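> First the structure, which I've put down as structure tokens, then a few questions once you've had a look.
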Amino acid sequence: MPAPTRLLVEHLTAPQGLGLAAPRLSWWLPTGATRQEAYALRVGDWESGRVASPQHLLVPYGGPAIGSGQRAEWQVKVWTDDGESDWSLVSTWETGLLASGDWTASWISPAEGELPPAGGRPAQLLRTTFDVPAEATVARARAYATAHGVYELFVNDRRAGDIELAPGSTAYRAHLDVQTYDLTDLVRPGPNAVGAVLSDGWFRGQNGFTREHDCFGSRLALLVQVVVELDSGGRVVVGTGPGWRSSTGEIVRADLIEGEAVDLRRRQDGWSTPDFAGADAWAPCAVRDDLGVDTLTYSPAPPVRRTEELRPASVTRVDGAGGTDGTGAVDVVDLGQNINGWMRLTSLGPAGATTTLTHGEMLDDAGRVTLDHLVPFDFMKQEALSPGQVDQVVSRGEPGDVFEPRHTTHGFQYVQVDGHEAALTADDITGVVVHTDLVRTGWFTCSDDRLERLHDAAIWSFRDNACDVPTDCPQRERAPWTGDWQIFAPTAAFLYDVAGFSAKWLRDLRADQWPDGRVPNFTPDPAGPAAFDHELARFMTGSSGWGDAAVLVPWEMWVEYGDERFLTEQFDSMVAWVDFAATTAANDRHARRVAERPVAAAHETFLWDTGFHWGEWCEPDSDPATVFTREADLADVATAYLHLSARRLGQIAGLLDRPEEAERYR
């Protein structure tokens with residue numbers, strides 16, 4: 001009989017850097033089987049024996065705990081209505097550093113002078129060297145790394161792994177995810193070097209519609225620990241701390257929203273090699289005694305990766321005002337599809353040539369890229385802000401040089417390329433799609449091509465907005481609005497496995513929830529506790545539908561994946577939100593109702609008619625000007641959501657065997 005397939009650890013395939021010593025295991029039954037009667041697990045030398053159970057989703061591992069930085073190999077066999085299966089193929093999981101005492105590395109910060117304005121800051125290079133005994137054989141090597149900022153890790157002039165935009169977007173004030181890298185093929189006997197490229201990222205770069213910056217801190221920082229295991233049984237451990245040095249290189253500007261600028265003439269060749277001659281001129285890094293490791297975690301979600309490459313649908317030379325001789329001419333690249341990601345350019349021109357890439361979704365009447373519809377307006381400052389999405393590269397004039405800006409992302413279909421002397425071809429430029437590397441689980445086909453195209457548009461829209469967190473758009477705001485994921489999560493769960501993706505985001509929601517129970521409009525929330533005493537922020541936080549994500553998203557994840565942990569981990573957050581909404585409904589009344597009826601009717605105890613609510617944006621003939629005011633009465637939407645969340649919370653309390661709460665919320 002065939003063996004079980006699609007072995008998962010928690011909600012991940014063969015995870016590296018798991019934060020649990022005893023995870024839960026899942027598998028698909030063999031083809032032809034409809035019912036499991038028993039299973040047996042084999043993890044290393046441990047075997048469970050035959051366990052009579054129909055459970056094959058999220059089965060708790062009951063063997064010896066897997067220690068820090070250890071790799072476990074596991075298999076499963078099952079007994080079903082179709083007979084006894086073979087043992088499955090071997091799968092694996094590997095733990096990260098599970099306890100704070102496992103860390104010997106210290107946080108460090110690069111030596112930076114006076115900072116340019118946000119959006120125009122250079123990336124930093126950090127490095128050190130270490131030795132592996134010359135006669136040794138490297139059996140296994142791992143790096144455990146994270147940062148305040150976005151980083152890439154390098155060992156001996158080679159990039160480690162394929163994770164993009166690490167460590168991702170998170171509620172930095174509460175926790176920070178660590179990434180694990182396999183360095184076995186990169187570390188060698190003798191001298192070695194390890195280094196990182198570090199830029200602002202979400203931590204101190206521009207965030208959201210108003211381009212707020214330095215929201216989580218003003219100093220970049222890096223934490224790396226390399227563990228090299230030798231065939232002899234010995235270990236070499238090196239980490240960030242004294243002896244690390246920093247400098248700047250070719251990335252002269254890097255911001256997730258504004259874009260990235262590279263001057264290849266400033267590249268320091270071999271900067272992450274052990275014999276790099278320029279290291280002595282680099283400045284010492286500062287050891288950060290104010291940062292610890294107690295809040296380090298591991299992400300339950302797949303990482304962000306480059307998931308697809310698109311060849312341009314067309315490349316068009318658009319003449320400028322100077323005529324057809326090339327003066328003022330630009331190349332406009334059409335990928336045929338909106339994506340989240342960046343462009344890789346292989347034709348950079350002679351030394352000193354400056355090429356500018358402007359990314360957008362629309363063309364103007366002249367056929368050039370326009371960003372007019374993406375310009376945000378800061379209503380507090382009463383000024384238009386930069387739409388960003390502009391990359392730039394200065395050529396070094398060396399054959400084989402490539403420009404690929406990995407410290408930014410853009411939402412775009414079109415790219416306008418300025419400053420390139422010769423007309424570009426489709427062979428010179430490639431679209432790189434970047435988002436969380438989710439597993440596809442759902443498809444739709446029918447006899448009508450229009451419906452299939454509509455479905456494809458929805459899929460691409462989600463892919464463009466699943467960059468470590470669920471966002472509203474990949475260009476203008478890129479904000480993880482709670483209401484957006486509350487609405488789309490069920491559809492996303494049909495299309496992709498979003499269990500780990502949602503678990504990561506809900507962890508941030510819990511961390512960002514206000515003490516009084518209200519939920520921010522987006523999470524991770526750059527404003528954080530600073531908003532608690534801000535009058536406008538207090539008024540606009542706690543909107544129905546958006547805050548109800550605290551209840552409705554974990555409920556949908558339980559419905560889709562049968563993972564009760566979504567409910568248990570989120571339960572206190574759900575209670576806090578529903579209590580906030582119900583208390584507000586009971587204690588406050590809209591001024592119009594007070595004027596009409598000084599004594600409240602009995603049903604008004606449950607009528608949520610005060611506070612700010614985003615309301616129903618798609619209602620026909622609605623006037624946004626009447627919605628976004630302090631006087632707006634959106635009791636219809638708010639009360640409906642209060643009813644829905646209270647009812648769901650009652651059901652959840654019942655599922656969790658909490659009868660008092662079940663009765664109360666029902």
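In the structure tokens, the first chain shown is A, the next is B, and so on; residue numbers restart at 1 for each chain, and ligands run from 1 in the order shown.
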Give me the residues within 9 Å of A:Pro15 as an MDAnalysis selection string, counting only C-alpha atoms and dropping any in the same chain fewer than 5 places off.
chainID A and resid 8:10 92:95 302
> Just asking: which residues within stretch 123-366 of chain A are strand (DSSP E or B) according to DSSP, as a ChimeraX atom specification?
/A:124-132,138-148,150-155,158-159,166,176-177,179-182,190-199,207,212,221-230,235-239,245-248,251-255,259-263,283-284,286-287,296-297,304-310,314-318,320,323,330-345,354-360,362-363
> Name all residues at most 9 Å from A:Met557 (count only C-alpha atoms; drop same-chain ones fewer than 5 positions away) and give them as a list in words.
Ala489, Pro490, Ala493, Val498, Ala499, Ser502, Ala503, Leu552, Gly562, Asp563, Glu564, Phe566 and Leu567 of chain A
> Can you tell me, as an MDAnalysis selection string, what residues are no more than 7 Å from A:Pro300 when counting only C-alpha atoms, ignoring any on the same chain fewer than 3 positions away?
chainID A and resid 500:501 503:504
> Could you give me, as a tab-separated table, every stretch 112-197 of chain A residue with an atom at most 9 Å from stretch 507-518 of chain A, plus its closest atom pair and distance in Å to one decimal, counting only C-alpha atoms, rows ordered by chain then number?

```
residue	atom	partner	partner_atom	distance
A:Thr170	CA	A:Asp508	CA	6.4
A:Ala171	CA	A:Asp508	CA	5.3
A:Tyr172	CA	A:Asp508	CA	8.9
A:Arg173	CA	A:Ala511	CA	8.3
A:Ala174	CA	A:Ala511	CA	6.2
A:His175	CA	A:Ala511	CA	8.5
```
> Would you export the selected residues with all heavy atoms as a PDB file, in the first residue's frame, please?

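Full text of again_11.pdb as output:
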```pdb
ATOM      1  N   THR A 170       7.428  42.868  11.827  1.00  0.00           N
ATOM      2  CA  THR A 170       6.939  42.262  13.059  1.00  0.00           C
ATOM      3  C   THR A 170       6.696  43.340  14.105  1.00  0.00           C
ATOM      4  O   THR A 170       7.073  44.498  13.921  1.00  0.00           O
ATOM      5  CB  THR A 170       7.967  41.231  13.581  1.00  0.00           C
ATOM      6  OG1 THR A 170       7.385  40.456  14.620  1.00  0.00           O
ATOM      7  CG2 THR A 170       9.212  41.911  14.109  1.00  0.00           C
ATOM      8  N   ALA A 171       6.058  42.952  15.188  1.00  0.00           N
ATOM      9  CA  ALA A 171       5.836  43.863  16.312  1.00  0.00           C
ATOM     10  C   ALA A 171       7.126  43.931  17.122  1.00  0.00           C
ATOM     11  O   ALA A 171       7.267  43.284  18.157  1.00  0.00           O
ATOM     12  CB  ALA A 171       4.668  43.377  17.171  1.00  0.00           C
ATOM     13  N   TYR A 172       8.073  44.727  16.627  1.00  0.00           N
ATOM     14  CA  TYR A 172       9.445  44.724  17.153  1.00  0.00           C
ATOM     15  C   TYR A 172       9.505  45.003  18.654  1.00  0.00           C
ATOM     16  O   TYR A 172      10.422  44.552  19.326  1.00  0.00           O
ATOM     17  CB  TYR A 172      10.281  45.779  16.431  1.00  0.00           C
ATOM     18  CG  TYR A 172      10.590  45.464  14.985  1.00  0.00           C
ATOM     19  CD1 TYR A 172       9.799  45.991  13.964  1.00  0.00           C
ATOM     20  CD2 TYR A 172      11.664  44.656  14.643  1.00  0.00           C
ATOM     21  CE1 TYR A 172      10.077  45.713  12.638  1.00  0.00           C
ATOM     22  CE2 TYR A 172      11.945  44.375  13.317  1.00  0.00           C
ATOM     23  CZ  TYR A 172      11.150  44.902  12.318  1.00  0.00           C
ATOM     24  OH  TYR A 172      11.418  44.623  11.013  1.00  0.00           O
ATOM     25  N   ARG A 173       8.550  45.752  19.169  1.00  0.00           N
ATOM     26  CA  ARG A 173       8.602  46.105  20.596  1.00  0.00           C
ATOM     27  C   ARG A 173       8.358  44.880  21.484  1.00  0.00           C
ATOM     28  O   ARG A 173       8.711  44.889  22.660  1.00  0.00           O
ATOM     29  CB  ARG A 173       7.565  47.180  20.913  1.00  0.00           C
ATOM     30  CG  ARG A 173       7.739  48.464  20.100  1.00  0.00           C
ATOM     31  CD  ARG A 173       6.624  49.453  20.392  1.00  0.00           C
ATOM     32  NE  ARG A 173       6.705  50.600  19.486  1.00  0.00           N
ATOM     33  CZ  ARG A 173       6.063  50.672  18.315  1.00  0.00           C
ATOM     34  NH1 ARG A 173       5.295  49.665  17.936  1.00  0.00           N
ATOM     35  NH2 ARG A 173       6.190  51.729  17.541  1.00  0.00           N
ATOM     36  N   ALA A 174       7.739  43.842  20.924  1.00  0.00           N
ATOM     37  CA  ALA A 174       7.375  42.670  21.718  1.00  0.00           C
ATOM     38  C   ALA A 174       8.228  41.447  21.405  1.00  0.00           C
ATOM     39  O   ALA A 174       8.561  40.669  22.297  1.00  0.00           O
ATOM     40  CB  ALA A 174       5.899  42.330  21.496  1.00  0.00           C
ATOM     41  N   HIS A 175       8.582  41.240  20.135  1.00  0.00           N
ATOM     42  CA  HIS A 175       9.318  40.042  19.759  1.00  0.00           C
ATOM     43  C   HIS A 175       9.991  40.266  18.411  1.00  0.00           C
ATOM     44  O   HIS A 175       9.653  41.193  17.671  1.00  0.00           O
ATOM     45  CB  HIS A 175       8.398  38.816  19.699  1.00  0.00           C
ATOM     46  CG  HIS A 175       7.118  39.070  18.957  1.00  0.00           C
ATOM     47  ND1 HIS A 175       5.889  39.101  19.570  1.00  0.00           N
ATOM     48  CD2 HIS A 175       6.869  39.330  17.659  1.00  0.00           C
ATOM     49  CE1 HIS A 175       4.947  39.356  18.689  1.00  0.00           C
ATOM     50  NE2 HIS A 175       5.522  39.504  17.510  1.00  0.00           N
TER      51      HIS A 175
END
```
> Measure the distance from atom CA of A:Val150 to atom CA of A:Pro312 in Å and round it to one decimal.
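If I compute the distance from atom CA of A:Val150 to atom CA of A:Pro312, I get 28.3 Å.
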> I'd like to know which residues of stretch 302-466 of chain A are alpha helix (DSSP H) (by DSSP, run on the backbone); could you write them as a list in words?
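So the alpha helix (DSSP H) residues in stretch 302-466 of chain A would be Asp449, Arg450, Leu451, Glu452, Arg453, Leu454, His455, Asp456, Ala457, Ala458, Ile459, Trp460, Ser461, Phe462, Arg463 and Asp464 of chain A.
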> Using C-alpha atoms, can you export the residues from the last selection as a PDB file, in the first residue's frame?

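Saved to again.pdb:
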```
ATOM      1  CA  ASP A 449     -12.525  32.663 -19.777  1.00  0.00           C
ATOM      2  CA  ARG A 450     -13.661  35.961 -18.245  1.00  0.00           C
ATOM      3  CA  LEU A 451     -14.350  34.349 -14.880  1.00  0.00           C
ATOM      4  CA  GLU A 452     -11.023  32.545 -14.956  1.00  0.00           C
ATOM      5  CA  ARG A 453      -9.254  35.830 -15.638  1.00  0.00           C
ATOM      6  CA  LEU A 454     -11.130  37.477 -12.769  1.00  0.00           C
ATOM      7  CA  HIS A 455     -10.023  34.629 -10.517  1.00  0.00           C
ATOM      8  CA  ASP A 456      -6.414  35.017 -11.691  1.00  0.00           C
ATOM      9  CA  ALA A 457      -6.585  38.726 -10.881  1.00  0.00           C
ATOM     10  CA  ALA A 458      -7.666  37.885  -7.331  1.00  0.00           C
ATOM     11  CA  ILE A 459      -4.779  35.439  -6.972  1.00  0.00           C
ATOM     12  CA  TRP A 460      -2.250  37.997  -8.167  1.00  0.00           C
ATOM     13  CA  SER A 461      -3.751  40.647  -5.900  1.00  0.00           C
ATOM     14  CA  PHE A 462      -3.216  38.364  -2.913  1.00  0.00           C
ATOM     15  CA  ARG A 463       0.320  37.432  -3.985  1.00  0.00           C
ATOM     16  CA  ASP A 464       1.158  41.116  -4.310  1.00  0.00           C
TER      17      ASP A 464
END
```
> Write out as a list in words the residues lying within 12 Å of A:Ala640, counting only C-alpha atoms and excluding same-chain residues fewer than 2 positions away.
Ser544, Gly545, Asp548, Ala581, Ala582, Ala585, Phe606, Leu607, Trp608, Asp609, Gly615, Glu616, Leu634, Ala635, Asp636, Val637, Ala638, Leu642, His643, Leu644, Ser645, Ala646 and Arg647 of chain A
> Those same residues - C-alpha atoms - I'd like them written as a compact mmCIF listing (two decimals), in the first residue's frame.

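See out_37.txt below for the written result:
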```txt
# COMPACT_ATOMS: atom_id res chain seq x y z
CA SER A 544 -15.62 47.58 13.90
CA GLY A 545 -14.70 45.06 11.23
CA ASP A 548 -13.03 42.17 14.84
CA ALA A 581 -16.92 46.89 21.93
CA ALA A 582 -19.77 45.72 24.18
CA ALA A 585 -22.09 50.05 23.13
CA PHE A 606 -26.36 46.52 22.48
CA LEU A 607 -26.29 49.30 19.90
CA TRP A 608 -22.73 50.34 19.04
CA ASP A 609 -23.30 53.82 17.63
CA GLY A 615 -17.90 51.58 7.57
CA GLU A 616 -18.96 49.98 4.31
CA LEU A 634 -22.40 53.73 11.59
CA ALA A 635 -24.37 51.70 14.11
CA ASP A 636 -25.57 49.37 11.36
CA VAL A 637 -22.09 48.07 10.52
CA ALA A 638 -20.66 48.29 14.04
CA LEU A 642 -20.40 43.18 17.51
CA HIS A 643 -23.16 40.61 17.14
CA LEU A 644 -21.04 38.40 14.88
CA SER A 645 -17.93 38.50 17.06
CA ALA A 646 -19.87 37.93 20.29
CA ARG A 647 -21.63 34.95 18.72
```
> Report as an MDAnalysis selection string all protein, DNA and RNA residues lying within 7 Å of A:Ala479, evaluated on only C-alpha atoms, omitting residues in the same chain fewer than 3 positions from it.
chainID A and resid 208 471:472 522
> Tell me which of A:Ala527, A:Cys467, A:Ile66, A:Leu57 sits closest to A:Pro303, counting only C-alpha atoms.
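Closest to A:Pro303 of all the choices is A:Cys467.
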> A:Met1, A:Leu345, A:Leu126, A:Val155: which is nearest A:Asp81, counting only C-alpha atoms?
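Of A:Met1, A:Leu345, A:Leu126, A:Val155, the one nearest A:Asp81, counting only C-alpha atoms, is A:Met1.
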> Have a look at atom CA of A:Gly96 and atom CA of A:Arg42 and let me know their distance in Å, one decimal.
21.3 Å
> Find the spatial neighbours of A:Leu223, counting only C-alpha atoms, within a cut-off of 6 Å - ignore same-chain residues fewer than 5 positions away - and output them as a ChimeraX atom specification.
/A:107,145-147,240
> Atom CA of A:Phe580 and atom CA of A:Pro598 are how many Å apart?
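Going from atom CA of A:Phe580 over to atom CA of A:Pro598 covers 23.8 Å.
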> Check the smallest atom-to-atom distance from each of A:Val402, A:Leu125, A:Ile429, A:Ala353 to A:Ser199 using only C-alpha atoms, then report the winner.
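For A:Ser199, the nearest of the given residues is A:Leu125.
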> With distances taken over only C-alpha atoms, which residue among A:Gly249, A:Asn192, A:Ile652, A:Asp319 lies nearest A:Asp269?
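Using only C-alpha atoms, the shortest distance to A:Asp269 belongs to A:Gly249.
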> Using only C-alpha atoms, pick whichever of A:Ser386, A:Ser395, A:Thr180, A:Gln206 has the shortest atom-to-atom distance to A:Arg267.
A:Ser395
> Under the rule that only C-alpha atoms are counted, which of A:Gln36, A:Thr629, A:Ser91, A:Thr248 is the nearest residue to A:Gln124?
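Answer, going by the shortest atom-to-atom distance: A:Thr248.
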